[in-house]
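Visitor: Provided below: coords_2.txt, containing compact mmCIF, C-alpha atoms and all ligand atoms.
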# COMPACT_ATOMS: atom_id res chain seq x y z
CA MET A 21 -4.13 28.32 0.17
CA LEU A 22 -7.22 29.71 -1.52
CA THR A 23 -8.54 32.91 0.04
CA ASN A 24 -12.26 33.40 0.62
CA SER A 25 -12.42 35.77 -2.32
CA ALA A 26 -10.66 33.23 -4.57
CA VAL A 27 -13.20 30.59 -3.52
CA ALA A 28 -16.00 33.08 -4.24
CA ARG A 29 -14.57 33.60 -7.74
CA LEU A 30 -14.31 29.87 -8.34
CA ARG A 31 -17.91 29.45 -7.21
CA ALA A 32 -19.06 32.28 -9.46
CA ASP A 33 -17.41 30.27 -12.25
CA THR A 34 -19.47 27.20 -11.28
CA PRO A 35 -23.18 27.69 -12.04
CA GLY A 36 -24.22 24.59 -10.08
CA CYS A 37 -23.08 26.16 -6.80
CA ALA A 38 -26.20 28.36 -6.88
CA ASN A 39 -28.48 25.32 -6.86
CA VAL A 40 -27.04 22.60 -4.66
CA THR A 41 -24.59 21.80 -1.92
CA HIS A 42 -22.57 19.46 -4.04
CA LEU A 43 -20.63 16.98 -1.93
CA ASN A 44 -20.62 14.24 -4.54
CA ASN A 45 -17.43 15.20 -6.32
CA ALA A 46 -16.26 11.59 -6.22
CA GLY A 47 -19.34 10.83 -8.34
CA ALA A 48 -19.06 13.75 -10.73
CA SER A 49 -17.99 17.28 -9.86
CA LEU A 50 -19.84 20.41 -10.85
CA GLN A 51 -18.27 21.71 -14.04
CA PRO A 52 -16.75 25.15 -14.33
CA ARG A 53 -18.62 27.28 -16.85
CA ALA A 54 -15.62 27.23 -19.22
CA VAL A 55 -15.91 23.44 -19.59
CA THR A 56 -19.65 23.45 -20.31
CA ASP A 57 -19.24 26.38 -22.71
CA ALA A 58 -16.48 24.61 -24.64
CA VAL A 59 -18.54 21.43 -24.98
CA ILE A 60 -21.66 23.29 -26.09
CA ALA A 61 -19.70 25.48 -28.50
CA HIS A 62 -18.30 22.39 -30.18
CA LEU A 63 -21.68 20.69 -30.39
CA ARG A 64 -23.03 23.87 -32.00
CA LEU A 65 -20.17 23.98 -34.47
CA GLU A 66 -20.85 20.35 -35.37
CA ALA A 67 -24.53 21.12 -35.92
CA GLU A 68 -23.76 24.20 -37.97
CA THR A 69 -20.82 23.05 -40.08
CA GLY A 70 -20.69 19.23 -39.90
CA GLY A 71 -19.05 16.86 -37.43
CA TYR A 72 -15.89 16.12 -39.43
CA GLU A 73 -15.52 19.74 -40.47
CA ALA A 74 -15.89 20.90 -36.85
CA ALA A 75 -13.19 18.43 -35.75
CA ALA A 76 -10.87 19.73 -38.47
CA ALA A 77 -11.55 23.33 -37.48
CA ARG A 78 -10.86 22.59 -33.82
CA ALA A 79 -7.92 20.21 -34.34
CA PRO A 80 -5.57 22.38 -32.24
CA GLU A 81 -7.99 22.33 -29.29
CA ILE A 82 -8.40 18.56 -29.61
CA GLU A 83 -4.63 18.08 -29.69
CA HIS A 84 -4.23 20.41 -26.76
CA THR A 85 -6.12 17.97 -24.53
CA TYR A 86 -3.24 15.48 -24.83
CA ASP A 87 -0.69 18.17 -23.97
CA ALA A 88 -2.73 19.33 -20.97
CA ILE A 89 -3.16 15.81 -19.55
CA ALA A 90 0.52 15.07 -20.12
CA ARG A 91 1.46 18.24 -18.21
CA LEU A 92 -0.95 17.40 -15.40
CA ILE A 93 0.57 13.97 -14.71
CA GLY A 94 4.16 14.52 -15.85
CA ALA A 95 3.90 12.35 -18.97
CA ARG A 96 4.56 12.86 -22.68
CA PRO A 97 1.59 13.62 -24.94
CA ASP A 98 2.28 10.48 -26.98
CA GLU A 99 1.81 8.42 -23.80
CA ILE A 100 -1.84 9.57 -23.48
CA ALA A 101 -4.96 7.98 -24.96
CA VAL A 102 -8.25 9.84 -24.59
CA VAL A 103 -11.17 7.45 -24.22
CA GLU A 104 -14.74 7.42 -22.98
CA ASN A 105 -14.28 6.59 -19.30
CA ALA A 106 -11.79 5.36 -16.75
CA THR A 107 -12.98 1.77 -16.96
CA ARG A 108 -12.37 1.62 -20.69
CA ALA A 109 -8.93 3.15 -20.18
CA TRP A 110 -8.08 0.55 -17.52
CA ASP A 111 -9.58 -2.29 -19.58
CA MET A 112 -7.62 -1.42 -22.70
CA ALA A 113 -4.41 -1.78 -20.71
CA PHE A 114 -5.38 -4.77 -18.59
CA TYR A 115 -6.95 -6.85 -21.35
CA GLY A 116 -3.91 -6.13 -23.50
CA LEU A 117 -1.65 -8.09 -21.15
CA ARG A 118 -0.77 -11.70 -21.97
CA TRP A 119 -1.24 -14.44 -19.41
CA GLN A 120 0.07 -17.93 -18.73
CA PRO A 121 -1.53 -20.34 -16.26
CA GLY A 122 0.00 -19.75 -12.84
CA ASP A 123 0.83 -16.06 -13.43
CA ARG A 124 -0.06 -13.93 -10.43
CA ILE A 125 -1.71 -10.53 -10.06
CA LEU A 126 -1.01 -8.60 -6.86
CA THR A 127 -3.77 -6.20 -5.91
CA ALA A 128 -5.19 -4.66 -2.73
CA ARG A 129 -8.39 -4.60 -0.74
CA ALA A 130 -9.45 -1.18 -1.96
CA GLU A 131 -9.58 -2.32 -5.59
CA TYR A 132 -12.44 -1.04 -7.69
CA ALA A 133 -15.21 -3.55 -8.36
CA SER A 134 -14.89 -3.52 -12.15
CA ASN A 135 -11.16 -4.19 -11.90
CA ALA A 136 -11.75 -7.06 -9.48
CA ILE A 137 -14.32 -8.55 -11.87
CA ALA A 138 -11.79 -8.31 -14.71
CA PHE A 139 -9.20 -10.11 -12.55
CA LEU A 140 -11.73 -12.84 -11.76
CA GLN A 141 -12.63 -13.24 -15.42
CA THR A 142 -8.95 -13.47 -16.34
CA ALA A 143 -8.33 -15.97 -13.54
CA ARG A 144 -11.16 -18.12 -14.84
CA ARG A 145 -10.01 -17.84 -18.45
CA TYR A 146 -6.27 -18.31 -18.09
CA GLY A 147 -5.69 -19.90 -14.68
CA VAL A 148 -4.14 -16.73 -13.32
CA GLN A 149 -3.93 -16.34 -9.53
CA ILE A 150 -5.21 -13.19 -7.83
CA ASP A 151 -3.51 -12.26 -4.55
CA VAL A 152 -5.01 -9.50 -2.47
CA VAL A 153 -2.37 -7.79 -0.34
CA PRO A 154 -3.63 -7.34 3.23
CA ASP A 155 -3.87 -3.95 4.89
CA ASP A 156 -1.37 -2.64 7.42
CA GLU A 157 -2.50 -1.51 10.87
CA THR A 158 -3.71 1.85 9.46
CA GLY A 159 -5.86 0.25 6.77
CA ARG A 160 -3.74 1.07 3.73
CA LEU A 161 -2.16 -1.74 1.75
CA SER A 162 0.78 -3.23 3.61
CA LEU A 163 4.03 -2.60 1.77
CA ASP A 164 5.81 -5.24 3.82
CA ALA A 165 3.15 -7.80 2.97
CA MET A 166 3.39 -6.84 -0.71
CA ARG A 167 7.16 -7.28 -0.70
CA GLY A 168 6.74 -10.67 0.96
CA MET A 169 4.23 -11.80 -1.65
CA LEU A 170 6.44 -11.10 -4.66
CA ASP A 171 7.94 -13.91 -6.65
CA GLU A 172 8.84 -14.52 -10.29
CA ARG A 173 5.24 -15.51 -11.09
CA VAL A 174 3.89 -12.02 -10.33
CA LYS A 175 3.21 -10.45 -13.73
CA LEU A 176 1.18 -7.45 -12.65
CA ILE A 177 0.74 -5.16 -9.67
CA ALA A 178 -2.61 -3.40 -10.07
CA ILE A 179 -3.93 -1.22 -7.29
CA THR A 180 -6.39 1.61 -6.75
CA HIS A 181 -4.81 4.84 -5.50
CA VAL A 182 -7.94 6.20 -3.79
CA PRO A 183 -10.91 3.84 -3.51
CA THR A 184 -14.41 4.75 -4.53
CA GLN A 185 -15.63 3.75 -1.06
CA GLY A 186 -13.41 5.76 1.26
CA GLY A 187 -10.88 8.48 1.96
CA LEU A 188 -7.89 6.16 2.03
CA VAL A 189 -4.85 7.13 -0.05
CA ASN A 190 -2.82 4.05 -0.90
CA PRO A 191 0.99 4.48 -1.02
CA ALA A 192 1.17 4.53 -4.81
CA ALA A 193 4.78 5.75 -5.07
CA GLU A 194 6.11 3.19 -2.57
CA VAL A 195 4.32 0.49 -4.57
CA GLY A 196 5.98 1.93 -7.66
CA ARG A 197 9.40 1.44 -6.11
CA ILE A 198 8.53 -2.16 -5.26
CA ALA A 199 7.27 -2.79 -8.81
CA ARG A 200 10.36 -1.24 -10.40
CA GLU A 201 12.74 -3.22 -8.22
CA ALA A 202 10.90 -6.44 -9.05
CA GLY A 203 10.56 -5.55 -12.76
CA VAL A 204 6.78 -6.05 -12.61
CA THR A 205 4.29 -4.05 -14.69
CA TYR A 206 2.35 -1.59 -12.52
CA LEU A 207 -1.20 -0.48 -13.38
CA LEU A 208 -2.63 2.28 -11.20
CA ASP A 209 -6.32 3.13 -11.03
CA ALA A 210 -6.13 6.86 -10.35
CA CYS A 211 -9.81 7.46 -10.94
CA GLN A 212 -10.42 9.14 -7.61
CA SER A 213 -7.02 10.76 -7.16
CA VAL A 214 -6.38 12.67 -10.40
CA GLY A 215 -7.73 16.19 -9.93
CA GLN A 216 -7.75 16.12 -6.13
CA LEU A 217 -4.12 15.11 -5.40
CA PRO A 218 -0.86 15.78 -7.21
CA VAL A 219 -0.32 12.71 -9.42
CA ASP A 220 3.01 12.45 -11.22
CA VAL A 221 3.67 9.26 -13.12
CA ASP A 222 7.44 9.49 -12.74
CA GLU A 223 7.26 10.01 -9.01
CA ILE A 224 4.77 7.16 -8.70
CA GLY A 225 6.65 4.92 -11.09
CA CYS A 226 3.55 3.36 -12.63
CA ASP A 227 3.61 1.97 -16.17
CA LEU A 228 -0.10 2.44 -16.78
CA LEU A 229 -2.64 4.78 -15.20
CA SER A 230 -6.35 5.32 -15.79
CA ALA A 231 -8.57 8.27 -14.89
CA PRO A 232 -11.94 9.80 -15.82
CA GLY A 233 -12.83 13.38 -16.73
CA ARG A 234 -15.97 13.88 -14.69
CA LYS A 235 -14.77 13.33 -11.13
CA PHE A 236 -12.18 15.54 -9.42
CA LEU A 237 -11.04 16.95 -12.76
CA ARG A 238 -14.49 18.54 -13.23
CA GLY A 239 -14.61 17.56 -16.90
CA PRO A 240 -17.49 16.26 -19.02
CA ARG A 241 -19.08 12.89 -18.44
CA GLY A 242 -18.13 10.22 -20.96
CA THR A 243 -14.45 11.14 -20.99
CA GLY A 244 -11.37 9.50 -19.54
CA PHE A 245 -7.75 8.81 -20.32
CA LEU A 246 -5.06 6.17 -20.16
CA TYR A 247 -1.41 6.88 -19.55
CA ALA A 248 0.75 4.16 -21.10
CA SER A 249 4.44 4.64 -20.49
CA ARG A 250 6.87 4.30 -23.40
CA ARG A 251 8.46 1.53 -21.30
CA VAL A 252 5.48 -0.80 -21.84
CA LEU A 253 3.66 0.66 -24.82
CA GLY A 254 5.11 -1.70 -27.39
CA LEU A 255 4.50 -4.71 -25.14
CA ILE A 256 0.76 -4.24 -24.79
CA GLU A 257 -1.39 -5.14 -27.73
CA PRO A 258 -4.78 -3.46 -27.43
CA PRO A 259 -7.63 -5.99 -27.12
CA PHE A 260 -9.45 -4.21 -29.97
CA LEU A 261 -7.95 -2.57 -33.00
CA ASP A 262 -9.48 -0.28 -35.57
CA LEU A 263 -8.16 1.83 -38.41
CA HIS A 264 -7.08 4.53 -35.95
CA ALA A 265 -5.25 2.16 -33.61
CA ALA A 266 -3.61 0.38 -36.54
CA THR A 267 -2.90 0.86 -40.24
CA TRP A 268 -4.02 -1.69 -42.82
CA THR A 269 -0.68 -1.82 -44.61
CA SER A 270 -1.46 -4.38 -47.33
CA PRO A 271 -4.41 -6.70 -48.07
CA ASP A 272 -3.23 -9.11 -45.38
CA THR A 273 -1.10 -7.04 -43.00
CA TYR A 274 -1.55 -4.30 -40.46
CA GLU A 275 0.69 -2.28 -38.15
CA ILE A 276 -0.31 -1.06 -34.73
CA ARG A 277 0.54 2.58 -34.15
CA ASP A 278 3.42 3.21 -31.82
CA ASP A 279 1.90 5.80 -29.49
CA ALA A 280 -0.75 5.51 -26.78
CA ARG A 281 -3.50 6.29 -29.26
CA ARG A 282 -3.34 2.59 -30.15
CA PHE A 283 -5.79 2.29 -27.24
CA GLU A 284 -8.31 4.69 -28.79
CA THR A 285 -10.95 4.23 -31.46
CA TRP A 286 -11.38 6.47 -34.46
CA GLU A 287 -14.82 7.68 -33.51
CA GLY A 288 -15.16 9.64 -30.34
CA ASN A 289 -16.82 12.45 -28.50
CA TYR A 290 -14.92 15.47 -29.75
CA ALA A 291 -16.91 17.98 -27.74
CA GLY A 292 -16.09 15.94 -24.63
CA ARG A 293 -12.42 15.71 -25.55
CA ILE A 294 -12.18 19.47 -25.95
CA GLY A 295 -14.06 19.95 -22.67
CA LEU A 296 -11.67 17.58 -20.93
CA GLY A 297 -8.72 19.68 -22.07
CA VAL A 298 -10.40 22.82 -20.74
CA ALA A 299 -11.04 21.08 -17.40
CA VAL A 300 -7.41 20.02 -17.12
CA ASP A 301 -6.26 23.56 -17.93
CA TYR A 302 -8.60 24.81 -15.23
CA ALA A 303 -7.16 22.40 -12.63
CA LEU A 304 -3.63 23.41 -13.61
CA GLU A 305 -4.52 27.07 -13.29
CA VAL A 306 -5.94 26.62 -9.80
CA GLY A 307 -2.91 24.43 -9.05
CA VAL A 308 -2.97 20.82 -7.87
CA ASP A 309 -1.11 21.64 -4.65
CA THR A 310 -3.58 24.42 -3.91
CA ILE A 311 -6.47 22.05 -4.65
CA LYS A 312 -5.05 19.44 -2.30
CA ALA A 313 -4.47 21.94 0.50
CA ARG A 314 -8.01 23.28 0.25
CA ASN A 315 -9.50 19.78 0.08
CA ASP A 316 -7.49 18.73 3.15
CA LEU A 317 -8.89 21.68 5.04
CA LEU A 318 -12.50 20.95 4.04
CA ALA A 319 -12.28 17.19 4.57
CA THR A 320 -10.62 17.62 7.97
CA ARG A 321 -13.36 20.04 8.98
CA LEU A 322 -16.06 17.66 7.77
CA ARG A 323 -14.54 14.69 9.62
CA ALA A 324 -14.32 16.76 12.82
CA ALA A 325 -17.93 17.99 12.48
CA LEU A 326 -19.22 14.48 11.77
CA ALA A 327 -17.28 13.04 14.70
CA GLU A 328 -19.22 15.42 16.96
CA ARG A 329 -22.58 14.16 15.74
CA PRO A 330 -24.13 11.51 17.95
CA GLY A 331 -24.23 8.08 16.36
CA VAL A 332 -21.87 8.91 13.50
CA THR A 333 -18.88 6.63 12.87
CA LEU A 334 -16.25 7.72 10.38
CA ARG A 335 -15.19 4.85 8.11
CA ASP A 336 -12.15 6.14 6.24
CA LEU A 337 -8.99 4.06 6.52
CA GLY A 338 -5.30 4.82 6.16
CA SER A 339 -2.64 7.10 7.56
CA GLU A 340 -3.24 9.61 4.76
CA GLN A 341 -6.82 10.55 3.92
CA CYS A 342 -8.26 12.69 1.16
CA ALA A 343 -11.38 14.53 0.01
CA ILE A 344 -13.65 11.47 0.24
CA VAL A 345 -15.33 11.16 3.65
CA THR A 346 -17.34 8.06 4.49
CA PHE A 347 -19.46 7.36 7.53
CA THR A 348 -22.41 5.47 8.96
CA VAL A 349 -25.11 6.61 11.38
CA ALA A 350 -26.18 4.22 14.15
CA GLY A 351 -29.57 2.69 13.53
CA HIS A 352 -29.91 4.15 10.02
CA ASP A 353 -29.43 2.49 6.66
CA SER A 354 -26.79 4.50 4.79
CA ARG A 355 -29.03 4.62 1.72
CA THR A 356 -31.75 6.32 3.77
CA VAL A 357 -29.28 8.77 5.30
CA ALA A 358 -28.03 9.70 1.83
CA LYS A 359 -31.58 10.16 0.58
CA THR A 360 -32.43 12.38 3.56
CA LEU A 361 -29.44 14.57 2.71
CA VAL A 362 -30.17 14.67 -1.01
CA ASP A 363 -33.78 15.63 -0.23
CA GLN A 364 -32.37 18.65 1.60
CA GLY A 365 -30.31 19.72 -1.43
CA ILE A 366 -27.06 18.18 -0.16
CA ASN A 367 -25.65 15.87 -2.81
CA VAL A 368 -23.89 12.83 -1.38
CA SER A 369 -23.82 9.20 -2.48
CA VAL A 370 -23.66 5.71 -1.03
CA SER A 371 -20.98 3.07 -1.47
CA ILE A 372 -22.33 -0.43 -1.08
CA GLY A 373 -20.64 -3.59 0.12
CA ASP A 374 -21.39 -5.43 -3.12
CA TYR A 375 -19.08 -3.00 -4.91
CA ALA A 376 -16.30 -3.47 -2.37
CA GLN A 377 -16.24 -7.19 -1.59
CA TRP A 378 -12.62 -7.12 -0.43
CA ASP A 379 -13.04 -4.01 1.69
CA LEU A 380 -16.47 -3.02 3.05
CA SER A 381 -17.89 -6.52 3.36
CA PRO A 382 -14.95 -7.91 5.43
CA ARG A 383 -15.32 -4.86 7.69
CA GLY A 384 -18.95 -5.82 8.25
CA LEU A 385 -20.23 -2.79 6.35
CA ASP A 386 -23.20 -3.23 4.06
CA ALA A 387 -23.04 0.40 2.90
CA VAL A 388 -21.49 3.75 3.85
CA VAL A 389 -22.55 7.31 3.13
CA ARG A 390 -19.96 9.03 0.93
CA ALA A 391 -19.48 12.79 1.04
CA SER A 392 -16.74 14.13 -1.20
CA VAL A 393 -15.59 17.72 -0.99
CA HIS A 394 -13.80 19.74 -3.62
CA TYR A 395 -11.97 23.05 -3.47
CA TYR A 396 -14.96 25.12 -4.59
CA ASN A 397 -17.04 23.89 -1.64
CA THR A 398 -17.29 26.14 1.40
CA GLU A 399 -16.91 25.58 5.12
CA GLU A 400 -20.62 26.44 5.48
CA GLU A 401 -21.58 23.64 3.08
CA VAL A 402 -19.52 21.16 5.02
CA ASP A 403 -21.13 22.29 8.30
CA ARG A 404 -24.57 22.08 6.71
CA LEU A 405 -24.02 18.45 5.89
CA ALA A 406 -22.95 17.59 9.43
CA GLU A 407 -25.98 19.44 10.86
CA ALA A 408 -28.38 17.61 8.56
CA ILE A 409 -27.39 14.14 9.80
CA PRO A 410 -30.40 12.40 11.36
CA ALA A 411 -30.28 11.61 15.07
CA PRO A 412 -29.21 8.03 15.85
CA THR A 413 -31.79 5.41 16.67
CA ARG A 414 -31.18 2.15 18.45
CA ALA A 415 -30.13 -0.48 15.94
C1 LIG B 1 -11.65 3.88 -8.01
C2 LIG B 1 -12.47 3.86 -9.26
N1 LIG B 1 -11.99 3.24 -10.34
C3 LIG B 1 -12.67 3.19 -11.50
C4 LIG B 1 -13.90 3.80 -11.61
C5 LIG B 1 -14.62 3.71 -12.93
O1 LIG B 1 -14.63 4.93 -13.58
P1 LIG B 1 -15.60 5.17 -14.81
O2 LIG B 1 -16.98 5.15 -14.25
O3 LIG B 1 -15.18 6.50 -15.38
O4 LIG B 1 -15.39 4.08 -15.78
C6 LIG B 1 -14.46 4.46 -10.51
C7 LIG B 1 -15.78 5.07 -10.62
O5 LIG B 1 -16.39 5.47 -9.67
C8 LIG B 1 -13.70 4.51 -9.31
O6 LIG B 1 -14.17 5.14 -8.24
What would you get if you wrote out this structure as structure tokens?
Ligand SMILES: Cc1ncc(COP(=O)(O)O)c(C=O)c1O

Guide:
Amino acid sequence: MLTNSAVARLRADTPGCANVTHLNNAGASLQPRAVTDAVIAHLRLEAETGGYEAAAARAPEIEHTYDAIARLIGARPDEIAVVENATRAWDMAFYGLRWQPGDRILTARAEYASNAIAFLQTARRYGVQIDVVPDDETGRLSLDAMRGMLDERVKLIAITHVPTQGGLVNPAAEVGRIAREAGVTYLLDACQSVGQLPVDVDEIGCDLLSAPGRKFLRGPRGTGFLYASRRVLGLIEPPFLDLHAATWTSPDTYEIRDDARRFETWEGNYAGRIGLGVAVDYALEVGVDTIKARNDLLATRLRAALAERPGVTLRDLGSEQCAIVTFTVAGHDSRTVAKTLVDQGINVSVSIGDYAQWDLSPRGLDAVVRASVHYYNTEEEVDRLAEAIPAPTRA
């Protein structure tokens, strides 16, 4: 567990802590100084020596990012593609799969909106069937229901580990066991879990995993990565190819590269890539178990403080909950509550029903306020948020 002096050191390392109470880590975390410095240093080097020359000079740092991500999630560096965001990482895997009419996709109610839209597009294009696994009595996806829904037509299990719109942690590793037993490809959206929870691809048993840099990893915006296991790598043809993803071997032939970088493009944000590596190193140095323990403490405190506030209803589902805390206030639109908090220097966000059609809308929720803690937050910040909640009004 982090001591108060360790938290003070981490905060001293985080310039943004002096300006705001940042409880929007599920949006984008405040960066540690080391990350910002690395990005700026690379941009300077590009300006001073040339973009290609800077990349050549910093090749070891760029390569290191793959090693760091691989270490973080228990993968091999050649199973990592560094891309511009989590959606692009997920898309490169998903749109690389081949479909026949009647194939089925098993997903869950917490699925991210962009993924759901991609399923719907694929259903429309290829006659694929989307089956949303119902929740169990705690609100996480029901493993029994998932088992019961499997048949030989299921070609993909694609779920979101931690949703954007709540503190639920879906049972990713149990789903992995189901997928392995059934021999079905398993794509995990780990956008909100990587950086706040220990995520190990072998333990989880996923074939594909997507994550961004800017959220709980505290990396630069415009960065993300895809893990593509060696088991499936050769089976997934990227939807786009360029001269980095493939080699033009003769005037009328090409060969796709055999590592995960087949999902990348040649041009990229090198400053961001270096910064992402620094952010991953930083998370590893703090320790993912330590991060989780501290986040559990802060989120539990926040939930308890909010539960005491009149008119507040906590909205997080599941038997295991994480650093994302969602709630509504009786008689107040969640957007207005969030604005009231932001106006007081407390950064939170709102998750809206339109972005969670299989989750918030069926629960009758048009929007929820989302507060997301991270290990560098303090108990005082968490209490400040609870105290700043407006009094309930009659609906
Ligand atoms: C669960 C989940 N998946 C995917 C994404 C998309 O990530 P990105 O914006 O990096 O593409 C988000 C973003 O909030 C998310 O919360």

Visitor: Tell me, counting all atoms listed in the file, for each residue of chain A within 6 Å of ligand LIG 1 (chain B), which pair of atoms is nearest and how far apart they are in Å to one decimal, in rows ordered by chain and increasing number, as a Markdown table.

Guide:
| residue | atom | partner | partner_atom | distance |
| --- | --- | --- | --- | --- |
| A:Asn105 | CA | B:LIG1 | O3 | 4.0 |
| A:Ala106 | CA | B:LIG1 | O3 | 3.8 |
| A:Thr107 | CA | B:LIG1 | O4 | 3.5 |
| A:Tyr132 | CA | B:LIG1 | C1 | 5.0 |
| A:Thr180 | CA | B:LIG1 | C1 | 5.9 |
| A:Pro183 | CA | B:LIG1 | C1 | 4.6 |
| A:Thr184 | CA | B:LIG1 | O6 | 3.7 |
| A:Asp209 | CA | B:LIG1 | N1 | 5.7 |
| A:Cys211 | CA | B:LIG1 | C2 | 4.8 |
| A:Gln212 | CA | B:LIG1 | C1 | 5.4 |
| A:Pro232 | CA | B:LIG1 | O3 | 4.6 |

Visitor: What's around range 298-302 of chain A at 9 Å? Count only C-alpha atoms, leave out sequence neighbours fewer than 2 positions away in its own chain, and write the answer as a compact mmCIF listing (two decimals) with C-alpha atoms, keeping the file's coordinate frame.

Guide:
# COMPACT_ATOMS: atom_id res chain seq x y z
CA GLN A 51 -18.27 21.71 -14.04
CA PRO A 52 -16.75 25.15 -14.33
CA ALA A 54 -15.62 27.23 -19.22
CA VAL A 55 -15.91 23.44 -19.59
CA ALA A 58 -16.48 24.61 -24.64
CA GLU A 81 -7.99 22.33 -29.29
CA HIS A 84 -4.23 20.41 -26.76
CA THR A 85 -6.12 17.97 -24.53
CA ALA A 88 -2.73 19.33 -20.97
CA ILE A 89 -3.16 15.81 -19.55
CA LEU A 92 -0.95 17.40 -15.40
CA GLY A 215 -7.73 16.19 -9.93
CA GLY A 233 -12.83 13.38 -16.73
CA LEU A 237 -11.04 16.95 -12.76
CA ARG A 238 -14.49 18.54 -13.23
CA GLY A 239 -14.61 17.56 -16.90
CA PRO A 240 -17.49 16.26 -19.02
CA ARG A 293 -12.42 15.71 -25.55
CA ILE A 294 -12.18 19.47 -25.95
CA GLY A 295 -14.06 19.95 -22.67
CA LEU A 296 -11.67 17.58 -20.93
CA LEU A 304 -3.63 23.41 -13.61
CA GLU A 305 -4.52 27.07 -13.29
CA VAL A 306 -5.94 26.62 -9.80
CA GLY A 307 -2.91 24.43 -9.05

Visitor: Restricting the calculation to all atoms listed in the file: of A:Pro410, A:Gly338, A:Arg108, A:Asp309, which residue gets closest to Val357 in chain A?

Guide: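 Among the listed residues, A:Pro410 lies closest to Val357 in chain A.
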
Visitor: Could you list, as a list in words, every residue within 10 Å of range 375-382 of chain A, counting only C-alpha atoms and ignoring same-chain residues fewer than 4 positions away?

Guide: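 Using only C-alpha atoms, the neighbours found are Ala128, Arg129, Ala130, Glu131, Tyr132, Ala133, Ser134, Ala136, Val152, Pro154, Asp155, Gly159, Pro183, Thr184, Gln185, Gly186, Arg335, Ser371, Asp386, Ala387 and Val388 of chain A.
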
Visitor: Record the distance separating CA of Leu170 in chain A and CA of Arg383 in chain A, expressed in Å with one decimal.

Guide: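 Computing the Euclidean distance for CA of Leu170 in chain A and CA of Arg383 in chain A yields 25.8 Å.
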
Visitor: For a quick check of understanding, using only C-alpha atoms, which of A:Gly288, A:Gly203, A:Gly196, A:Pro80 has the smallest distance to His264 in chain A?

Guide: A:Gly288

Visitor: Find the residue from A:Ala265, A:Val370, A:Leu229, A:Ala77 that sits nearest to Ala210 in chain A; use only C-alpha atoms when measuring.

Guide: A:Leu229

Visitor: Please provide the set of residues having any atom within 12 Å of Leu22 in chain A, restricted to all atoms listed in the file, with same-chain residues fewer than 6 positions apart removed, written as number ranges by chain.

Guide: A: 28-30, 306-318, 395-398

Visitor: Any chance you can output those residues with C-alpha atoms as a short mmCIF file (atom, residue, chain, number, x, y, z; two decimals), keeping the file's coordinate frame?

Guide:
data_model
loop_
_atom_site.label_atom_id
_atom_site.label_comp_id
_atom_site.auth_asym_id
_atom_site.auth_seq_id
_atom_site.Cartn_x
_atom_site.Cartn_y
_atom_site.Cartn_z
CA ALA A 28 -16.00 33.08 -4.24
CA ARG A 29 -14.57 33.60 -7.74
CA LEU A 30 -14.31 29.87 -8.34
CA VAL A 306 -5.94 26.62 -9.80
CA GLY A 307 -2.91 24.43 -9.05
CA VAL A 308 -2.97 20.82 -7.87
CA ASP A 309 -1.11 21.64 -4.65
CA THR A 310 -3.58 24.42 -3.91
CA ILE A 311 -6.47 22.05 -4.65
CA LYS A 312 -5.05 19.44 -2.30
CA ALA A 313 -4.47 21.94 0.50
CA ARG A 314 -8.01 23.28 0.25
CA ASN A 315 -9.50 19.78 0.08
CA ASP A 316 -7.49 18.73 3.15
CA LEU A 317 -8.89 21.68 5.04
CA LEU A 318 -12.50 20.95 4.04
CA TYR A 395 -11.97 23.05 -3.47
CA TYR A 396 -14.96 25.12 -4.59
CA ASN A 397 -17.04 23.89 -1.64
CA THR A 398 -17.29 26.14 1.40
#

Visitor: So which residues touch Arg323 in chain A within 8 Å, counting all atoms listed in the file, skipping near sequence neighbours fewer than 3 positions away, as a list in words?

Guide: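 Residues meeting the cut-off are Ala319, Thr320, Leu326, Ala327, Leu334 and Val345 of chain A.
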
Visitor: Could you check how far CA of Gln364 in chain A sits from CA of Ile409 in chain A, in Å to one decimal?

Guide: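 According to the coordinates, CA of Gln364 in chain A and CA of Ile409 in chain A are separated by 10.6 Å.
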
Visitor: Check the smallest atom-to-atom distance from each of A:Leu263, A:Val174, A:Leu50, A:Ala61 to Phe283 in chain A using all atoms listed in the file, then report the winner.

Guide: A:Leu263

Visitor: Identify which of the residues A:Ile125, A:Met112, A:Leu228, A:Ile344 lies closest to Arg250 in chain A, counting all atoms listed in the file when measuring atom-to-atom distances.

Guide: A:Leu228

Visitor: Which residues, written as a count of residues only, have at least one atom at most 12 Å from Tyr72 in chain A, with all atoms listed in the file counted and residues fewer than 4 positions away on the same chain left out?

Guide: 16

Visitor: Could you check how far CA of Val368 in chain A sits from CA of Phe236 in chain A, in Å to one decimal?

Guide: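 Interatomic distance, CA of Val368 in chain A to CA of Phe236 in chain A: 14.5 Å.
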
Visitor: Sorted by chain and rising residue number, which residues of range 183-216 of chain A lie within 8 Å of range 221-225 of chain A, and what are their closest atom pairs and distances in Å to one decimal, counting all atoms listed in the file, as CSV?

Guide:
residue,atom,partner,partner_atom,distance
A:Ala192,CA,A:Ile224,CA,5.9
A:Ala193,CA,A:Ile224,CA,3.9
A:Glu194,CA,A:Ile224,CA,7.4
A:Val195,CA,A:Ile224,CA,7.9
A:Gly196,CA,A:Gly225,CA,4.6
A:Arg197,CA,A:Gly225,CA,6.7
A:Arg200,CA,A:Gly225,CA,7.2
A:Tyr206,CA,A:Gly225,CA,7.9

Visitor: Of the candidates A:Glu399, A:Ile179, A:Pro258, A:Ala343, which shows the shortest atom-to-atom distance to Ala325 in chain A, using all atoms listed in the file?

Guide: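 The closest residue to Ala325 in chain A is A:Glu399.
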